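Data block for protein_37.txt (compact mmCIF, C-alpha atoms and all ligand atoms):
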# COMPACT_ATOMS: atom_id res chain seq x y z
CA MET F 28 0.00 0.00 0.00
CA SER F 29 1.37 3.40 -0.99
CA VAL F 30 -0.22 6.31 0.85
CA ASP F 31 0.27 9.95 -0.18
CA LEU F 32 -1.77 12.39 1.89
CA HIS F 33 -0.47 15.74 0.63
CA CYS F 34 -0.50 17.26 -2.87
CA HIS F 35 -1.77 20.23 -4.87
CA SER F 36 -3.80 20.80 -8.03
CA THR F 37 -4.70 23.84 -10.16
CA ALA F 38 -7.30 24.65 -7.49
CA SER F 39 -4.32 26.17 -5.61
CA ASP F 40 -0.67 26.25 -6.69
CA GLY F 41 -0.34 22.85 -8.37
CA ALA F 42 0.25 22.62 -12.10
CA LEU F 43 -2.02 19.63 -12.86
CA THR F 44 -5.81 19.57 -12.87
CA PRO F 45 -7.33 17.33 -10.18
CA ARG F 46 -8.03 14.63 -12.79
CA GLU F 47 -4.47 14.74 -14.20
CA LEU F 48 -3.08 14.62 -10.68
CA VAL F 49 -5.07 11.51 -9.69
CA ARG F 50 -4.09 9.72 -12.89
CA ARG F 51 -0.45 10.51 -12.27
CA ALA F 52 -0.70 9.29 -8.67
CA ALA F 53 -2.25 6.00 -9.81
CA ALA F 54 0.45 5.60 -12.48
CA HIS F 55 3.08 6.06 -9.74
CA GLY F 56 1.53 3.28 -7.66
CA VAL F 57 -0.29 5.40 -5.08
CA THR F 58 -3.18 3.41 -3.60
CA MET F 59 -4.56 6.09 -1.24
CA LEU F 60 -4.35 9.77 -2.18
CA ALA F 61 -5.48 12.95 -0.43
CA LEU F 62 -5.77 16.18 -2.42
CA THR F 63 -4.84 19.03 -0.06
CA ASP F 64 -5.02 22.32 -1.92
CA HIS F 65 -4.08 25.48 -0.03
CA ASP F 66 -7.19 27.04 1.54
CA ALA F 67 -9.41 25.58 -1.20
CA VAL F 68 -11.68 22.56 -1.67
CA GLU F 69 -12.77 23.25 -5.26
CA GLY F 70 -10.68 20.43 -6.73
CA LEU F 71 -12.05 17.64 -4.53
CA ALA F 72 -15.16 16.59 -6.48
CA GLU F 73 -13.23 16.14 -9.74
CA ALA F 74 -10.37 14.35 -7.98
CA HIS F 75 -12.78 12.02 -6.20
CA ALA F 76 -14.50 11.06 -9.46
CA ALA F 77 -11.12 10.48 -11.13
CA ALA F 78 -9.99 8.31 -8.21
CA ARG F 79 -13.09 6.15 -8.58
CA GLU F 80 -12.26 5.68 -12.27
CA ALA F 81 -8.63 4.89 -11.48
CA GLY F 82 -9.57 2.48 -8.68
CA ILE F 83 -7.60 4.16 -5.90
CA ALA F 84 -8.80 5.30 -2.46
CA PHE F 85 -9.38 9.03 -2.18
CA VAL F 86 -9.37 11.32 0.87
CA ASN F 87 -10.89 14.81 0.87
CA GLY F 88 -8.27 17.20 2.18
CA VAL F 89 -7.24 20.83 2.48
CA GLU F 90 -4.05 22.60 3.63
CA ILE F 91 -4.84 25.66 5.72
CA SER F 92 -2.42 28.59 6.02
CA VAL F 93 -1.89 29.62 9.65
CA THR F 94 0.07 32.34 11.43
CA TRP F 95 1.44 31.21 14.78
CA ARG F 96 3.60 33.64 16.78
CA GLY F 97 4.47 35.43 13.54
CA THR F 98 5.49 32.26 11.69
CA THR F 99 3.53 30.82 8.77
CA LEU F 100 2.51 27.21 9.42
CA HIS F 101 0.43 24.82 7.34
CA VAL F 102 -2.18 22.48 8.80
CA VAL F 103 -3.64 19.72 6.64
CA GLY F 104 -7.23 18.63 7.29
CA LEU F 105 -8.02 15.08 6.12
CA ARG F 106 -11.43 13.44 5.59
CA ILE F 107 -13.09 16.83 5.85
CA ASP F 108 -16.60 17.40 4.56
CA PRO F 109 -15.97 19.96 1.79
CA ALA F 110 -19.60 21.09 1.96
CA ASN F 111 -19.36 22.12 5.62
CA ALA F 112 -20.45 25.77 5.85
CA ALA F 113 -18.18 26.75 8.75
CA LEU F 114 -15.13 25.34 6.97
CA ALA F 115 -16.09 27.05 3.72
CA ALA F 116 -16.53 30.40 5.47
CA GLY F 117 -13.22 30.00 7.26
CA LEU F 118 -11.37 29.18 4.05
CA GLU F 119 -12.94 32.11 2.28
CA GLY F 120 -11.65 34.37 5.03
CA VAL F 121 -8.12 32.96 4.69
CA ARG F 122 -8.18 33.40 0.89
CA GLY F 123 -9.33 37.00 1.11
CA GLY F 124 -6.30 39.24 0.94
CA ARG F 125 -4.32 37.02 -1.47
CA VAL F 126 -4.95 39.25 -4.47
CA ALA F 127 -4.08 42.39 -2.48
CA ARG F 128 -0.92 40.68 -1.23
CA ALA F 129 -0.03 39.74 -4.81
CA ARG F 130 -0.26 43.43 -5.82
CA ARG F 131 2.11 44.30 -3.00
CA ILE F 132 4.55 41.54 -3.99
CA ALA F 133 4.49 42.88 -7.56
CA ALA F 134 5.12 46.44 -6.33
CA GLU F 135 8.17 45.19 -4.38
CA LEU F 136 9.48 43.30 -7.40
CA GLU F 137 8.98 46.39 -9.56
CA LYS F 138 11.33 48.25 -7.20
CA GLU F 139 13.87 45.56 -8.14
CA GLY F 140 13.35 46.44 -11.80
CA ILE F 141 10.97 43.57 -12.63
CA ALA F 142 7.69 45.08 -13.85
CA GLY F 143 4.40 43.39 -14.69
CA THR F 144 4.62 40.43 -12.33
CA PHE F 145 1.09 40.86 -10.92
CA GLU F 146 -0.43 40.26 -14.36
CA GLY F 147 2.11 37.51 -14.99
CA ALA F 148 1.37 35.62 -11.77
CA MET F 149 -2.39 35.96 -12.29
CA ARG F 150 -1.99 34.49 -15.79
CA VAL F 151 -0.10 31.50 -14.37
CA ALA F 152 -2.67 30.90 -11.60
CA GLY F 153 -5.40 28.37 -12.41
CA ASN F 154 -7.55 29.82 -9.61
CA THR F 155 -6.75 33.54 -9.39
CA ALA F 156 -8.38 33.87 -5.93
CA MET F 157 -5.60 31.52 -4.78
CA VAL F 158 -2.72 33.44 -6.38
CA SER F 159 0.39 32.45 -4.46
CA ARG F 160 4.13 32.97 -4.30
CA THR F 161 4.47 29.81 -6.37
CA HIS F 162 2.75 31.54 -9.29
CA PHE F 163 5.20 34.44 -9.00
CA ALA F 164 8.08 31.95 -8.98
CA ARG F 165 6.75 30.18 -12.10
CA HIS F 166 6.24 33.52 -13.85
CA LEU F 167 9.85 34.55 -13.04
CA VAL F 168 11.02 31.25 -14.57
CA GLN F 169 8.95 31.89 -17.73
CA ARG F 170 10.52 35.35 -17.98
CA ARG F 171 13.97 33.77 -17.49
CA VAL F 172 14.67 36.02 -14.52
CA VAL F 173 15.58 32.81 -12.64
CA PRO F 174 16.41 29.31 -13.91
CA ASP F 175 13.94 27.46 -11.66
CA THR F 176 11.27 28.08 -9.03
CA THR F 177 13.56 27.17 -6.13
CA THR F 178 15.92 29.96 -7.15
CA GLY F 179 12.95 32.28 -7.57
CA PHE F 180 11.97 31.67 -3.97
CA ARG F 181 15.52 31.92 -2.65
CA ARG F 182 16.23 35.22 -4.40
CA PHE F 183 12.88 36.98 -4.16
CA LEU F 184 10.08 35.32 -2.26
CA VAL F 185 11.19 34.15 1.18
CA PRO F 186 11.42 36.27 4.36
CA GLY F 187 14.25 38.78 4.12
CA LYS F 188 14.16 38.89 0.30
CA PRO F 189 12.94 41.88 -1.74
CA GLY F 190 9.62 40.41 -2.93
CA TYR F 191 8.53 38.95 0.40
CA VAL F 192 5.41 40.55 1.87
CA PRO F 193 4.37 39.36 5.34
CA HIS F 194 0.78 38.21 5.62
CA GLU F 195 -1.54 37.33 8.51
CA TRP F 196 -3.22 33.95 7.91
CA ALA F 197 -5.69 32.06 10.16
CA ALA F 198 -5.12 31.55 13.88
CA LEU F 199 -4.07 27.98 14.73
CA ALA F 200 -7.13 27.42 16.95
CA SER F 201 -9.45 28.65 14.17
CA ALA F 202 -7.97 26.29 11.57
CA LEU F 203 -8.21 23.35 13.98
CA GLY F 204 -11.79 24.33 14.81
CA TRP F 205 -12.86 24.40 11.13
CA ILE F 206 -11.26 21.02 10.50
CA ALA F 207 -13.01 19.56 13.55
CA VAL F 208 -16.49 20.88 12.68
CA ALA F 209 -16.04 19.53 9.15
CA GLY F 210 -15.38 16.07 10.65
CA GLY F 211 -11.71 16.02 9.69
CA HIS F 212 -8.37 15.00 11.19
CA ALA F 213 -5.74 17.74 11.62
CA VAL F 214 -2.13 17.10 10.59
CA LEU F 215 0.74 19.55 11.10
CA SER F 216 2.37 19.84 7.65
CA HIS F 217 6.15 19.51 7.11
CA PRO F 218 7.14 20.73 10.60
CA GLY F 219 10.82 20.68 9.61
CA ARG F 220 10.28 23.63 7.31
CA TYR F 221 9.42 26.22 9.92
CA GLY F 222 12.87 26.85 11.33
CA LEU F 223 11.56 26.79 14.91
CA SER F 224 13.91 26.27 17.85
CA SER F 225 13.39 23.00 19.67
CA GLY F 226 11.75 24.88 22.55
CA ALA F 227 9.28 26.61 20.21
CA MET F 228 8.59 23.33 18.37
CA ASN F 229 7.75 21.64 21.66
CA GLU F 230 5.40 24.48 22.57
CA LEU F 231 3.77 24.33 19.14
CA LEU F 232 3.23 20.57 19.32
CA ALA F 233 1.73 20.79 22.81
CA GLU F 234 -0.59 23.60 21.73
CA PHE F 235 -1.50 21.77 18.50
CA ARG F 236 -2.34 18.54 20.34
CA ASP F 237 -4.27 20.28 23.12
CA ALA F 238 -6.37 22.17 20.55
CA GLY F 239 -7.37 18.94 18.79
CA GLY F 240 -4.45 18.29 16.42
CA GLU F 241 -4.10 14.58 15.69
CA ALA F 242 -0.94 13.93 13.67
CA ILE F 243 2.40 15.21 12.43
CA GLU F 244 3.54 14.85 8.84
CA VAL F 245 6.61 12.83 9.76
CA VAL F 246 7.52 11.68 6.26
CA SER F 247 7.53 14.65 3.89
CA ALA F 248 9.61 15.47 0.85
CA SER F 249 10.62 18.62 2.76
CA HIS F 250 12.34 16.53 5.43
CA SER F 251 15.84 15.12 5.47
CA VAL F 252 16.31 11.58 6.80
CA ALA F 253 17.42 13.09 10.12
CA GLN F 254 14.27 15.24 10.28
CA CYS F 255 12.04 12.24 9.58
CA ARG F 256 13.67 10.57 12.56
CA GLU F 257 13.39 13.69 14.72
CA PHE F 258 9.68 14.13 14.00
CA ALA F 259 9.00 10.42 14.46
CA GLU F 260 10.38 10.79 17.97
CA LEU F 261 8.36 13.94 18.61
CA ALA F 262 5.17 12.24 17.40
CA ARG F 263 5.74 9.43 19.88
CA HIS F 264 6.65 11.84 22.66
CA PHE F 265 3.51 13.93 22.19
CA GLY F 266 1.20 10.98 21.55
CA LEU F 267 0.45 12.18 18.03
CA ALA F 268 -0.24 9.99 15.01
CA ALA F 269 1.92 10.24 11.88
CA SER F 270 1.25 11.11 8.26
CA ARG F 271 3.11 10.81 4.97
CA GLY F 272 2.89 13.20 2.05
CA SER F 273 4.90 14.19 -1.01
CA ASP F 274 3.57 17.79 -1.21
CA PHE F 275 3.67 17.28 -4.98
CA HIS F 276 3.03 20.49 -6.96
CA ALA F 277 4.17 19.90 -10.54
CA PRO F 278 6.12 17.41 -12.66
CA GLY F 279 9.81 18.20 -12.32
CA GLU F 280 9.22 20.68 -9.48
CA GLY F 281 10.02 19.14 -6.09
CA ALA F 282 9.00 15.60 -5.12
CA GLU F 283 7.05 13.08 -7.20
CA LEU F 284 3.73 11.62 -6.07
CA GLY F 285 4.12 8.60 -3.83
CA SER F 286 7.93 8.80 -3.86
CA LEU F 287 8.54 8.60 -0.14
CA PRO F 288 10.05 6.27 2.44
CA ALA F 289 7.68 4.23 4.61
CA LEU F 290 6.61 5.39 8.06
CA ASP F 291 8.61 3.98 10.96
CA ALA F 292 6.71 0.88 12.13
CA ARG F 293 6.56 2.20 15.71
CA LEU F 294 4.37 5.13 14.62
CA TYR F 295 0.59 5.19 14.49
CA PRO F 296 -0.43 6.02 10.91
CA VAL F 297 -3.19 8.64 10.87
CA TRP F 298 -5.00 6.54 8.22
CA ARG F 299 -4.86 3.25 10.20
CA ASP F 300 -8.53 3.14 11.17
CA TRP F 301 -9.94 4.46 7.90
CA GLY F 302 -12.02 1.93 6.10
CA PRO F 303 -12.19 1.70 2.32
P1 LIG F 401 1.90 31.30 -0.30
O1 LIG F 401 0.78 30.52 0.32
O2 LIG F 401 1.45 32.17 -1.43
O3 LIG F 401 2.73 32.04 0.70
O4 LIG F 401 2.86 30.24 -1.00
C1 LIG F 401 3.34 29.15 -0.28
C2 LIG F 401 3.80 28.08 -1.24
O5 LIG F 401 5.03 28.44 -1.82
C3 LIG F 401 4.08 26.77 -0.55
O6 LIG F 401 2.93 26.01 -0.45
C4 LIG F 401 5.05 26.11 -1.47
O7 LIG F 401 4.35 25.51 -2.53
C5 LIG F 401 5.82 27.27 -2.01
N1 LIG F 401 7.11 27.52 -1.33
C6 LIG F 401 7.31 28.15 -0.14
N2 LIG F 401 8.62 28.24 0.13
C7 LIG F 401 9.27 27.68 -0.91
C8 LIG F 401 10.64 27.46 -1.23
N3 LIG F 401 11.63 27.89 -0.42
N4 LIG F 401 10.93 26.82 -2.40
C9 LIG F 401 9.95 26.41 -3.22
N5 LIG F 401 8.64 26.58 -2.97
C10 LIG F 401 8.30 27.20 -1.84
MN MN F 402 2.18 25.18 -2.33
MN MN F 403 2.70 23.43 2.97
MN MN F 404 1.49 21.62 0.49
The structure given in the file should be rewritten as structure tokens.
Amino acid sequence: MSVDLHCHSTASDGALTPRELVRRAAAHGVTMLALTDHDAVEGLAEAHAAAREAGIAFVNGVEISVTWRGTTLHVVGLRIDPANAALAAGLEGVRGGRVARARRIAAELEKEGIAGTFEGAMRVAGNTAMVSRTHFARHLVQRRVVPDTTTGFRRFLVPGKPGYVPHEWAALASALGWIAVAGGHAVLSHPGRYGLSSGAMNELLAEFRDAGGEAIEVVSASHSVAQCREFAELARHFGLAASRGSDFHAPGEGAELGSLPALDARLYPVWRDWGP
């Protein structure tokens, strides 16, 4: 069984439509897939239908953007009901402000001598309400300002760089509340990416668990082997379950669907009790 509980489609900053994504996952041997677009559930119905056709198990998911003590975190909700009104209203609130932020990012890039990136990023975005830094990075690649999206982020789009514009996302407790009312399971995405000190990480995990968080994404393409081990230990220490996700966005950009090591056998997989 190959489980991949984290990926993106054109409903957020992925490059494949939900149907293309599911077909690719099946072709790569994935047997259970969750689609987890950023702050958006619009891709789930198409992905679910495609998964039925492809004969693989499908999980309704979403990846919510959160601001915790000034740091951006991502929380994945799995097995959510995408029709839940409280979740939908929450996600709409988180999405609001993305277009205004994109204008500010473009204004900063223009100061660097790169004009027209707002229009460029909006053209790249499949869902313009979800315009993201990824779309700016892809646009900069198309313009040959940078050779690849990773360089685009490193030079322009991460904190401390000229095109980075801070943004206030959802509160952690709000995101966990929306996932809970929608019947979902909350997973802390790629914790190794946040650059938190070990003290802050411990405080985050305690707060996450006490507010209803259920699992940590232990195996993620963002994690080194050492980080997978570190977060496996933290999951056990905090009594949290574990998840596994590629965070696939596009062919040739980052990790491939399903291409991940197995979870450590001593962990409790978040999907263990989910029937077919
Ligand atoms: P946003 O929600 O607009 O701030 O964009 C966040 C997205 O940018 C993440 O979901 C990743 O897909 C992507 N991203 C963030 N940091 C990096 C990075 N250093 N390299 C490549 N992609 C990144
Ligand atoms: Mn993304
Ligand atoms: Mn993420
Ligand atoms: Mn993601």
Problem set entry | Of the listed residues F:Phe145, F:Phe180, F:Trp301, F:Phe235, that which approaches ligand LIG 401 (chain F) most closely, counting all atoms listed in the file |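 Of the candidates, the smallest distance to ligand LIG 401 (chain F) is held by F:Phe180.
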For this session: Compile the contact shell of F:Gly120 as a ChimeraX atom specification: residues with an atom at most 10 Å away, counting all atoms listed in the file, same-chain residues fewer than 6 positions apart removed.
Result: /F:66,114,196-197
Would you mind exporting C-alpha atoms of the selected residues as a PDB file, in the coordinates of the input?
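And here is the file that came out, part-v2.pdb:
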ATOM      1  CA  ASP F  66      -7.190  27.040   1.540  1.00  0.00           C
ATOM      2  CA  LEU F 114     -15.130  25.340   6.970  1.00  0.00           C
ATOM      3  CA  TRP F 196      -3.220  33.950   7.910  1.00  0.00           C
ATOM      4  CA  ALA F 197      -5.690  32.060  10.160  1.00  0.00           C
TER       5      ALA F 197
END
For this session: For ligand MN 404 (chain F), collect every residue having any atom at a distance of at most 10 Å from a ligand atom (counting only C-alpha atoms and all ligand atoms); output as a PyMOL selection string.
Result: chain F and resi 32-35+39-41+62-65+89-92+101-103+216-217+247+249+272-276
Exercise. Of the candidates F:His212, F:Arg256, F:Arg236, F:His264, which shows the shortest atom-to-atom distance to F:Asp291, using only C-alpha atoms?
Worked result: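 The answer is F:Arg256, which sits nearest to F:Asp291.
For the residues F:Gly82, F:Gly104, F:Pro174, F:Gly56, ranking by smallest atom-to-atom distance to ligand MN 403 (chain F) using all atoms listed in the file places F:Gly104 first.
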For this session: Mind giving me the straight-line distance from atom CA of F:Ile107 to atom CA of F:Ile243 in Å, one decimal?
Result: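 Atom CA of F:Ile243 lies 16.9 Å from atom CA of F:Ile107.
Across F:Ala233, F:Ala164, F:Leu71, F:Ala262, the tightest approach to F:Val185 is made by F:Ala164 when counting only C-alpha atoms.
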For this session: Go through the chains and note each residue within 6 Å of ligand LIG 401 (chain F), using all atoms listed in the file, then give the set as JSON, numbers by chain.
Result: {"F": [159, 160, 161, 177, 180]}
Exercise. Using only C-alpha atoms, which of the listed residues (F:Arg106, F:Glu280, F:His162, F:Val121) sits closest to F:Arg150?
Worked result: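 Of the candidates, the smallest distance to F:Arg150 is held by F:His162.
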For this session: Rank nothing, just name the residue among F:Tyr221, F:Ala116, F:Trp205, F:Glu260 nearest to F:Arg293, using all atoms listed in the file.
Result: F:Glu260
Seminar exercise, completed: re atom CA of F:Gly147 and atom CA of F:Leu184: distance 15.2 Å
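Residues within 8 Å of F:His75, counting only C-alpha atoms and excluding same-chain residues fewer than 2 positions away, are Leu71, Ala72, Glu73, Ala77, Ala78, Arg79, Phe85, Val86 and Asn87 of chain F.
From atom CA of F:Ala54 back to atom CA of F:Gly279, the distance works out to 15.7 Å.
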Exercise. Do you know which residues are at most 12 Å from F:Trp95 counting all atoms listed in the file, after dropping those on the same chain fewer than 3 positions away, and could you put them as an MDAnalysis selection string?
Worked result: chainID F and resid 92 98:102 194:202 221 223 227:228 230:232 234:235
Exercise. Skipping near chain neighbours, those fewer than 6 positions away, what residues fall within 10 Å of stretch 250-253 of chain F using all atoms listed in the file, listed as number ranges by chain?
Worked result: F: 217-220, 244, 259, 288
Stretch 218-232 of chain F, all listed atoms, 8 Å padding on each side: what axis-aligned box centre and edge lengths in Å to one decimal come out, as lines of an AutoDock Vina configuration file?
center_x = 8.6
center_y = 23.7
center_z = 14.9
size_x = 26.7
size_y = 22.3
size_z = 31.3
